[in-house]
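The file final-v2.json comes next; it holds JSON, C-alpha atoms.
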[["chain", "number", "residue", "atom", "x", "y", "z"],
["W", 1, "ILE", "CA", 57.82, 44.02, -23.43],
["W", 2, "ARG", "CA", 57.04, 40.75, -25.20],
["W", 3, "GLN", "CA", 57.32, 40.96, -29.05],
["W", 4, "THR", "CA", 55.42, 38.63, -31.44],
["W", 5, "GLY", "CA", 55.76, 38.02, -35.20],
["W", 6, "PHE", "CA", 56.66, 35.51, -37.88],
["W", 7, "THR", "CA", 59.88, 33.71, -37.95],
["W", 8, "LEU", "CA", 61.75, 33.39, -41.22],
["W", 9, "MET", "CA", 60.85, 29.68, -41.39],
["W", 10, "GLU", "CA", 57.15, 30.43, -40.93],
["W", 11, "MET", "CA", 57.25, 33.00, -43.74],
["W", 12, "ILE", "CA", 58.96, 30.56, -46.09],
["W", 13, "ILE", "CA", 56.39, 27.86, -45.31],
["W", 14, "SER", "CA", 53.53, 30.32, -45.88],
["W", 15, "LEU", "CA", 54.96, 31.36, -49.25],
["W", 16, "VAL", "CA", 55.36, 27.75, -50.32],
["W", 17, "VAL", "CA", 51.76, 26.96, -49.34],
["W", 18, "LEU", "CA", 50.45, 30.02, -51.20],
["W", 19, "GLY", "CA", 52.48, 29.04, -54.26],
["W", 20, "LEU", "CA", 51.04, 25.52, -54.23],
["W", 21, "LEU", "CA", 47.51, 26.89, -53.87],
["W", 22, "SER", "CA", 48.01, 29.30, -56.79],
["W", 23, "VAL", "CA", 49.31, 26.47, -58.99],
["W", 24, "VAL", "CA", 46.16, 24.47, -58.24],
["W", 25, "MET", "CA", 43.66, 27.34, -58.40],
["W", 26, "LEU", "CA", 44.94, 29.26, -61.44],
["W", 27, "PRO", "CA", 43.78, 26.66, -64.03],
["W", 28, "LEU", "CA", 40.42, 26.43, -62.27],
["W", 29, "LEU", "CA", 40.01, 30.19, -62.45],
["W", 30, "SER", "CA", 41.06, 30.37, -66.14],
["W", 31, "MET", "CA", 38.85, 27.48, -67.32],
["W", 32, "PRO", "CA", 35.68, 29.60, -67.73],
["W", 33, "ALA", "CA", 37.53, 32.22, -69.76],
["W", 34, "THR", "CA", 39.19, 29.56, -71.93],
["W", 35, "ALA", "CA", 35.88, 27.79, -72.46],
["W", 36, "TYR", "CA", 34.26, 31.08, -73.47],
["W", 37, "LEU", "CA", 37.01, 31.85, -76.01],
["W", 38, "ASP", "CA", 36.82, 28.32, -77.45],
["W", 39, "ALA", "CA", 33.05, 28.57, -77.80],
["W", 40, "GLN", "CA", 33.37, 31.99, -79.44],
["W", 41, "ARG", "CA", 35.83, 30.64, -82.01],
["W", 42, "ARG", "CA", 33.51, 27.75, -82.80],
["W", 43, "LEU", "CA", 30.57, 30.13, -83.18],
["W", 44, "ASP", "CA", 32.61, 32.35, -85.51],
["W", 45, "LEU", "CA", 33.57, 29.35, -87.64],
["W", 46, "GLN", "CA", 29.98, 28.08, -87.73],
["W", 47, "ALA", "CA", 28.74, 31.53, -88.75],
["W", 48, "GLN", "CA", 31.28, 31.63, -91.57],
["W", 49, "LEU", "CA", 30.26, 28.12, -92.67],
["W", 50, "ASP", "CA", 26.59, 29.16, -92.69],
["W", 51, "LEU", "CA", 27.52, 32.22, -94.76],
["W", 52, "VAL", "CA", 29.36, 30.03, -97.29],
["W", 53, "ARG", "CA", 26.41, 27.63, -97.51],
["W", 54, "SER", "CA", 23.97, 30.49, -98.02],
["W", 55, "LYS", "CA", 26.17, 32.27, -100.58],
["W", 56, "ILE", "CA", 26.86, 29.24, -102.74],
["W", 57, "GLY", "CA", 23.25, 28.07, -102.46],
["W", 58, "ASP", "CA", 21.92, 31.47, -103.56],
["W", 59, "ASP", "CA", 24.36, 31.61, -106.48],
["W", 60, "LEU", "CA", 23.57, 28.10, -107.74],
["W", 61, "ARG", "CA", 19.89, 29.04, -107.92],
["W", 62, "TYR", "CA", 20.88, 30.97, -111.04],
["W", 63, "ALA", "CA", 23.12, 28.28, -112.57],
["W", 64, "LEU", "CA", 22.38, 27.00, -116.05],
["W", 65, "PRO", "CA", 21.28, 23.35, -115.76],
["W", 66, "GLY", "CA", 24.07, 21.09, -116.96],
["W", 67, "SER", "CA", 26.74, 23.79, -116.63],
["W", 68, "LEU", "CA", 28.28, 22.70, -113.32],
["W", 69, "ARG", "CA", 31.82, 21.41, -113.69],
["W", 70, "SER", "CA", 34.52, 20.83, -111.10],
["W", 71, "GLN", "CA", 38.08, 19.65, -110.71],
["W", 72, "CYS", "CA", 40.79, 19.51, -108.06],
["W", 73, "ILE", "CA", 44.47, 20.18, -108.74],
["W", 74, "GLY", "CA", 46.63, 19.43, -105.75],
["W", 75, "ALA", "CA", 45.29, 21.32, -102.75],
["W", 76, "THR", "CA", 43.00, 23.55, -104.84],
["W", 77, "CYS", "CA", 39.48, 22.70, -106.05],
["W", 78, "TYR", "CA", 37.37, 24.63, -108.56],
["W", 79, "LEU", "CA", 33.60, 24.75, -109.09],
["W", 80, "GLU", "CA", 32.33, 26.59, -112.18],
["W", 81, "TYR", "CA", 28.85, 27.33, -113.52],
["W", 82, "LEU", "CA", 27.13, 29.60, -116.03],
["W", 83, "GLU", "CA", 25.02, 32.33, -114.46],
["W", 84, "VAL", "CA", 21.49, 32.68, -115.86],
["W", 85, "ARG", "CA", 20.09, 36.18, -116.23],
["W", 86, "ALA", "CA", 16.63, 35.25, -117.55],
["W", 87, "VAL", "CA", 14.60, 32.21, -118.61],
["W", 88, "GLY", "CA", 11.55, 31.65, -120.80],
["W", 89, "LYS", "CA", 9.91, 29.22, -123.21],
["W", 90, "TYR", "CA", 10.46, 29.46, -126.95],
["W", 91, "ARG", "CA", 7.75, 28.92, -129.53],
["W", 92, "ALA", "CA", 7.80, 25.67, -131.46],
["W", 93, "GLY", "CA", 6.22, 27.34, -134.48],
["W", 94, "GLY", "CA", 5.36, 30.69, -136.01],
["W", 95, "ALA", "CA", 4.44, 33.47, -133.61],
["W", 96, "GLY", "CA", 1.75, 34.94, -135.88],
["W", 97, "GLY", "CA", 1.15, 38.58, -136.61],
["W", 98, "THR", "CA", 4.04, 40.84, -137.52],
["W", 99, "ALA", "CA", 7.20, 38.77, -137.27],
["W", 100, "TYR", "CA", 10.12, 40.20, -135.35],
["W", 101, "CYS", "CA", 12.78, 38.11, -137.04],
["W", 102, "PRO", "CA", 13.34, 38.94, -140.72],
["W", 103, "ALA", "CA", 15.09, 35.64, -141.48],
["W", 104, "ALA", "CA", 13.50, 32.91, -143.57],
["W", 105, "CYS", "CA", 12.82, 30.94, -140.40],
["W", 106, "LYS", "CA", 11.18, 33.88, -138.65],
["W", 107, "GLY", "CA", 9.21, 33.08, -135.55],
["W", 108, "ASN", "CA", 10.30, 29.44, -135.49],
["W", 109, "ALA", "CA", 12.64, 27.84, -133.00],
["W", 110, "LEU", "CA", 14.81, 24.79, -133.63],
["W", 111, "ASP", "CA", 12.78, 23.78, -136.67],
["W", 112, "ALA", "CA", 14.33, 20.84, -138.51],
["W", 113, "THR", "CA", 13.89, 22.74, -141.80],
["W", 114, "CYS", "CA", 15.99, 25.65, -140.49],
["W", 115, "PRO", "CA", 19.24, 24.16, -139.15],
["W", 116, "ASN", "CA", 21.06, 27.48, -138.85],
["W", 117, "GLU", "CA", 18.54, 29.76, -137.23],
["W", 118, "ASN", "CA", 19.37, 33.16, -135.82],
["W", 119, "CYS", "CA", 16.11, 34.15, -134.10],
["W", 120, "MET", "CA", 13.31, 32.84, -131.91],
["W", 121, "THR", "CA", 10.23, 34.17, -130.16],
["W", 122, "THR", "CA", 9.25, 33.34, -126.59],
["W", 123, "LEU", "CA", 5.88, 32.47, -125.13],
["W", 124, "GLY", "CA", 5.27, 35.53, -123.01],
["W", 125, "PRO", "CA", 7.94, 37.75, -121.47],
["W", 126, "LEU", "CA", 11.18, 36.43, -120.06],
["W", 127, "ASN", "CA", 11.36, 35.70, -116.35],
["W", 128, "LEU", "CA", 14.25, 37.84, -115.12],
["W", 129, "SER", "CA", 16.08, 35.87, -112.43],
["W", 130, "VAL", "CA", 18.13, 38.96, -111.54],
["W", 131, "ALA", "CA", 15.50, 41.58, -110.78],
["W", 132, "GLY", "CA", 15.72, 44.72, -112.87],
["W", 133, "VAL", "CA", 18.58, 43.48, -115.07],
["W", 134, "ASN", "CA", 17.63, 42.97, -118.72],
["W", 135, "PRO", "CA", 19.61, 40.86, -121.20],
["W", 136, "VAL", "CA", 22.51, 42.73, -122.77],
["W", 137, "ALA", "CA", 23.00, 42.42, -126.53],
["W", 138, "ASN", "CA", 26.48, 41.41, -127.74],
["W", 139, "VAL", "CA", 27.40, 40.53, -124.14],
["W", 140, "ASP", "CA", 24.97, 37.83, -122.98],
["W", 141, "TYR", "CA", 24.26, 34.46, -124.57],
["W", 142, "VAL", "CA", 21.19, 32.52, -125.72],
["W", 143, "ALA", "CA", 21.29, 28.94, -124.41],
["W", 144, "VAL", "CA", 19.09, 25.99, -125.41],
["W", 145, "LEU", "CA", 19.71, 22.64, -123.74],
["W", 146, "GLY", "CA", 19.66, 19.49, -125.81],
["W", 147, "VAL", "CA", 20.88, 15.93, -125.66],
["W", 148, "GLY", "CA", 24.64, 16.03, -126.09],
["W", 149, "ALA", "CA", 24.84, 19.84, -125.97],
["W", 150, "ALA", "CA", 28.09, 21.27, -124.61],
["W", 151, "PRO", "CA", 27.11, 24.18, -122.32],
["W", 152, "TYR", "CA", 30.41, 26.05, -122.70],
["W", 153, "SER", "CA", 30.64, 25.67, -126.48],
["W", 154, "LEU", "CA", 29.82, 28.56, -128.81],
["W", 155, "ALA", "CA", 30.53, 26.39, -131.84],
["W", 156, "PRO", "CA", 27.78, 24.72, -133.94],
["W", 157, "ASN", "CA", 25.96, 22.02, -131.95],
["W", 158, "GLY", "CA", 26.87, 23.81, -128.74],
["W", 159, "ALA", "CA", 24.28, 24.94, -126.24],
["W", 160, "MET", "CA", 24.98, 28.67, -126.54],
["W", 161, "SER", "CA", 25.13, 31.46, -129.07],
["W", 162, "ARG", "CA", 25.87, 35.16, -128.62],
["W", 163, "LEU", "CA", 22.78, 37.31, -128.12],
["W", 164, "THR", "CA", 22.76, 40.05, -130.79],
["W", 165, "ALA", "CA", 19.44, 41.80, -130.06],
["W", 166, "TRP", "CA", 16.24, 41.50, -128.14],
["W", 167, "THR", "CA", 12.98, 43.42, -127.83],
["W", 168, "ASN", "CA", 9.79, 43.38, -125.77],
["W", 169, "ARG", "CA", 6.54, 42.77, -127.60],
["W", 170, "PRO", "CA", 3.05, 42.83, -126.04],
["W", 171, "ASN", "CA", 2.95, 39.11, -125.31],
["W", 172, "ASP", "CA", 6.41, 37.74, -126.04],
["W", 173, "VAL", "CA", 10.08, 38.55, -126.57],
["W", 174, "GLY", "CA", 11.98, 38.35, -129.82],
["W", 175, "LEU", "CA", 15.54, 37.06, -129.52],
["W", 176, "ARG", "CA", 18.21, 37.31, -132.19],
["W", 177, "PHE", "CA", 21.56, 35.58, -131.98],
["W", 178, "SER", "CA", 24.50, 34.50, -134.06],
["W", 179, "ASN", "CA", 23.77, 31.65, -136.45],
["W", 180, "ASN", "CA", 24.05, 28.45, -134.47],
["W", 181, "ASP", "CA", 23.01, 24.91, -135.21],
["W", 182, "PHE", "CA", 21.49, 24.10, -131.80],
["W", 183, "PRO", "CA", 21.23, 20.35, -131.18],
["W", 184, "ASP", "CA", 17.78, 18.77, -131.14],
["W", 185, "PRO", "CA", 16.47, 19.11, -127.56],
["W", 186, "GLY", "CA", 14.58, 15.83, -127.97],
["W", 187, "ALA", "CA", 10.95, 14.89, -127.61],
["W", 188, "ALA", "CA", 10.99, 15.40, -123.83],
["W", 189, "SER", "CA", 12.26, 18.99, -124.13],
["W", 190, "SER", "CA", 10.58, 21.65, -122.01],
["W", 191, "ASN", "CA", 11.20, 24.26, -124.77],
["W", 192, "ARG", "CA", 13.13, 26.44, -122.34],
["W", 193, "VAL", "CA", 15.48, 29.14, -123.49],
["W", 194, "TYR", "CA", 18.02, 30.74, -121.13],
["W", 195, "ILE", "CA", 19.84, 34.05, -121.24],
["W", 196, "VAL", "CA", 23.32, 33.44, -119.82],
["W", 197, "SER", "CA", 25.28, 36.39, -118.49],
["W", 198, "GLN", "CA", 28.70, 35.00, -117.53],
["W", 199, "PRO", "CA", 30.66, 32.10, -116.06],
["W", 200, "VAL", "CA", 31.43, 32.08, -112.32],
["W", 201, "THR", "CA", 34.08, 30.07, -110.45],
["W", 202, "TYR", "CA", 34.52, 29.22, -106.78],
["W", 203, "GLU", "CA", 38.16, 28.45, -105.96],
["W", 204, "CYS", "CA", 38.84, 26.54, -102.74],
["W", 205, "ASN", "CA", 42.56, 26.69, -101.82],
["W", 206, "GLN", "CA", 43.40, 24.46, -98.86],
["W", 207, "ALA", "CA", 47.02, 25.69, -98.80],
["W", 208, "THR", "CA", 46.10, 29.34, -98.21],
["W", 209, "GLY", "CA", 42.74, 28.67, -96.51],
["W", 210, "LEU", "CA", 40.92, 30.95, -98.97],
["W", 211, "LEU", "CA", 37.57, 30.37, -100.66],
["W", 212, "THR", "CA", 37.35, 32.91, -103.51],
["W", 213, "LYS", "CA", 34.64, 33.73, -106.04],
["W", 214, "TYR", "CA", 35.66, 34.86, -109.57],
["W", 215, "TRP", "CA", 33.45, 36.29, -112.30],
["W", 216, "GLY", "CA", 33.60, 38.58, -115.33],
["W", 217, "TYR", "CA", 35.89, 36.38, -117.45],
["W", 218, "PRO", "CA", 35.11, 34.90, -120.91],
["W", 219, "VAL", "CA", 33.30, 31.62, -121.54],
["W", 220, "LEU", "CA", 35.99, 28.97, -122.07],
["W", 221, "ALA", "CA", 35.61, 25.45, -123.42],
["W", 222, "VAL", "CA", 38.22, 24.21, -120.91],
["W", 223, "GLN", "CA", 37.57, 24.95, -117.24],
["W", 224, "PRO", "CA", 39.95, 27.72, -116.11],
["W", 225, "VAL", "CA", 42.23, 27.26, -113.10],
["W", 226, "ALA", "CA", 44.07, 30.61, -113.21],
["W", 227, "PHE", "CA", 42.62, 34.12, -113.11],
["W", 228, "GLY", "CA", 44.45, 37.31, -113.98],
["W", 229, "GLY", "CA", 44.58, 40.45, -111.91],
["W", 230, "GLY", "CA", 41.82, 42.15, -113.92],
["W", 231, "ILE", "CA", 39.20, 39.50, -113.13],
["W", 232, "ALA", "CA", 36.56, 40.45, -110.56],
["W", 233, "ARG", "CA", 36.86, 38.47, -107.33],
["W", 234, "ALA", "CA", 35.58, 38.36, -103.76],
["W", 235, "ARG", "CA", 36.84, 36.49, -100.70],
["W", 236, "VAL", "CA", 34.10, 34.29, -99.25],
["W", 237, "ALA", "CA", 36.05, 32.55, -96.45],
["W", 238, "ASP", "CA", 39.61, 32.60, -95.12],
["W", 239, "THR", "CA", 39.67, 29.58, -92.77],
["W", 240, "VAL", "CA", 39.31, 26.64, -95.19],
["W", 241, "SER", "CA", 41.27, 23.59, -94.07],
["W", 242, "ARG", "CA", 39.68, 20.93, -96.29],
["W", 243, "CYS", "CA", 37.52, 21.07, -99.43],
["W", 244, "ARG", "CA", 36.27, 18.33, -101.75],
["W", 245, "LEU", "CA", 33.84, 18.69, -104.68],
["W", 246, "ASN", "CA", 31.68, 16.18, -106.52],
["W", 247, "VAL", "CA", 29.35, 17.02, -109.41],
["W", 248, "ARG", "CA", 27.23, 14.47, -111.26],
["W", 249, "SER", "CA", 24.83, 14.66, -114.22],
["W", 250, "VAL", "CA", 21.61, 12.69, -113.82],
["W", 251, "GLY", "CA", 19.10, 11.40, -116.34],
["W", 252, "LEU", "CA", 21.40, 11.39, -119.36],
["W", 253, "PRO", "CA", 22.31, 8.86, -122.02],
["W", 254, "LEU", "CA", 25.66, 7.26, -121.39],
["W", 255, "GLY", "CA", 28.46, 9.56, -122.51],
["W", 256, "ALA", "CA", 26.38, 12.73, -122.83],
["W", 257, "PRO", "CA", 28.38, 15.74, -121.54],
["W", 258, "ALA", "CA", 25.47, 17.85, -120.28],
["W", 259, "GLY", "CA", 22.19, 17.36, -118.49],
["W", 260, "VAL", "CA", 19.11, 18.99, -117.07],
["W", 261, "ARG", "CA", 19.79, 18.01, -113.43],
["W", 262, "GLN", "CA", 23.10, 18.01, -111.58],
["W", 263, "PRO", "CA", 23.53, 17.17, -107.88],
["W", 264, "ALA", "CA", 26.60, 18.80, -106.37],
["W", 265, "THR", "CA", 28.19, 17.98, -103.03],
["W", 266, "ILE", "CA", 30.85, 20.08, -101.31],
["W", 267, "ARG", "CA", 32.61, 18.76, -98.21],
["W", 268, "LEU", "CA", 33.97, 21.84, -96.51],
["W", 269, "ALA", "CA", 35.98, 22.10, -93.27],
["W", 270, "LEU", "CA", 36.92, 25.40, -91.62],
["W", 271, "SER", "CA", 39.50, 25.70, -88.85],
["W", 272, "ARG", "CA", 41.19, 28.48, -86.90],
["W", 273, "ALA", "CA", 44.18, 28.38, -84.54],
["W", 274, "SER", "CA", 45.08, 30.93, -81.86],
["W", 275, "ALA", "CA", 48.40, 31.28, -80.06],
["W", 276, "GLY", "CA", 48.51, 28.96, -77.07],
["W", 277, "GLN", "CA", 45.03, 27.58, -77.79],
["W", 278, "PRO", "CA", 43.88, 24.35, -79.45],
["W", 279, "THR", "CA", 42.73, 24.53, -83.08],
["W", 280, "GLU", "CA", 38.97, 24.82, -83.45],
["W", 281, "SER", "CA", 37.27, 23.36, -86.54],
["W", 282, "VAL", "CA", 33.81, 22.79, -88.02],
["W", 283, "GLU", "CA", 32.90, 20.62, -91.00],
["W", 284, "SER", "CA", 29.79, 20.28, -93.13],
["W", 285, "LEU", "CA", 28.58, 18.47, -96.25],
["W", 286, "LEU", "CA", 26.85, 21.00, -98.51],
["W", 287, "GLN", "CA", 24.45, 19.52, -101.06],
["W", 288, "PHE", "CA", 22.82, 21.36, -103.96],
["W", 289, "SER", "CA", 20.85, 20.33, -107.03],
["W", 290, "VAL", "CA", 20.78, 22.40, -110.23],
["W", 291, "ARG", "CA", 17.89, 21.57, -112.53],
["W", 292, "GLU", "CA", 15.44, 23.10, -114.94],
["W", 293, "PRO", "CA", 12.87, 25.27, -113.15]]

Can I see the file as structure tokens?
Amino acid sequence: IRQTGFTLMEMIISLVVLGLLSVVMLPLLSMPATAYLDAQRRLDLQAQLDLVRSKIGDDLRYALPGSLRSQCIGATCYLEYLEVRAVGKYRAGGAGGTAYCPAACKGNALDATCPNENCMTTLGPLNLSVAGVNPVANVDYVAVLGVGAAPYSLAPNGAMSRLTAWTNRPNDVGLRFSNNDFPDPGAASSNRVYIVSQPVTYECNQATGLLTKYWGYPVLAVQPVAFGGGIARARVADTVSRCRLNVRSVGLPLGAPAGVRQPATIRLALSRASAGQPTESVESLLQFSVREP
């Protein structure tokens, strides 16, 4: 009986050939899966970038004009603004009828004969920018923009004063606030009055990769760069690799610290690395403009 089969040499050669084929074919077989994972990471990063753009854009819609301020310390950048709860137009003279404000300057707003006013009346009801949320006495602020006004100052000649009371009337709103010598808004003033609820800060930390939003802290003349454990916060992104901020005031006299229009640009890069895979990144230039409505 004749027996057939493989010799040891033939088996070794076959194994070597199969090994060479697997070395060549394995990368070809894994390329689609790798490409899919890379694309998925890029899509995730782009979705997070779109979320950041939408979130910051929505928030800055309610920013007090002239209140944007930014700074970078090392690898961390900060963007702060004052959040507006409501906006309206104040009367330039007496409101007529039964006056709401009992002060000597009742019904008037920013009258040169009343330098330390504590009340004003609006033309019609306030436009609530946050639906269903009314101004809160002894918590919110009355803000009037003027040439040279410091938005974060509660001192005389600052832009803000603490709101002490408010009431709805048939055709207007009476506002009372702490005595404050508001600066002259100027001849080109739009007679707008703002109700400010609180300051808000976006912190972009390139070392930790975190973009964090802070709110619920006091109004401070100097921009804060540290927030205690009791301050409300929310993580907006966790893949930040690069962040640069630039805020400018437009249409102001030289040296004026506040304005009615502020373009803001944020260069933001997000990146994510996976074990054994190349780092994926996306970058975008976010541009916003805060101005009087």

Residues within 10 Å of (29.3, 31.7, -115.5), counting all atoms listed in the file, listed as a PyMOL selection string | chain W and resi 62-64+67-68+80-84+152+196-201+214-220

In Å, how far is it from CA of Gln71 in chain W to CA of Asp50 in chain W?
->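 Calculated distance between CA of Gln71 in chain W and CA of Asp50 in chain W is 23.4 Å.
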
CA of Gly66 in chain W to CA of Glu283 in chain W, distance in Å rounded to a single decimal =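 We find that CA of Gly66 in chain W and CA of Glu283 in chain W lie 27.4 Å from each other.
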
What is the CA of Asp44 in chain W-CA of Ile56 in chain W distance in Å, reported with one decimal?
->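 According to the coordinates, CA of Asp44 in chain W and CA of Ile56 in chain W are separated by 18.4 Å.
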
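Distance check against Asp140 in chain W using only C-alpha atoms: of W:Ser70, W:Ser281, W:Gln287, W:Ser178, the minimum falls on W:Ser178.
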
Write out as a PyMOL selection string each polymer residue whose atoms come within 7 Å of Ala264 in chain W, counting all atoms listed in the file; drop sequence neighbours fewer than 3 positions from it.
-> chain W and resi 246-248+287-289

Next, write the just-selected residues to a file, as a short mmCIF file (atom, residue, chain, number, x, y, z; two decimals), keeping the file's coordinate frame, keeping C-alpha atoms as the atom set.
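Result file part-v2.cif:
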data_model
loop_
_atom_site.label_atom_id
_atom_site.label_comp_id
_atom_site.auth_asym_id
_atom_site.auth_seq_id
_atom_site.Cartn_x
_atom_site.Cartn_y
_atom_site.Cartn_z
CA ASN W 246 31.68 16.18 -106.52
CA VAL W 247 29.35 17.02 -109.41
CA ARG W 248 27.23 14.47 -111.26
CA GLN W 287 24.45 19.52 -101.06
CA PHE W 288 22.82 21.36 -103.96
CA SER W 289 20.85 20.33 -107.03
#
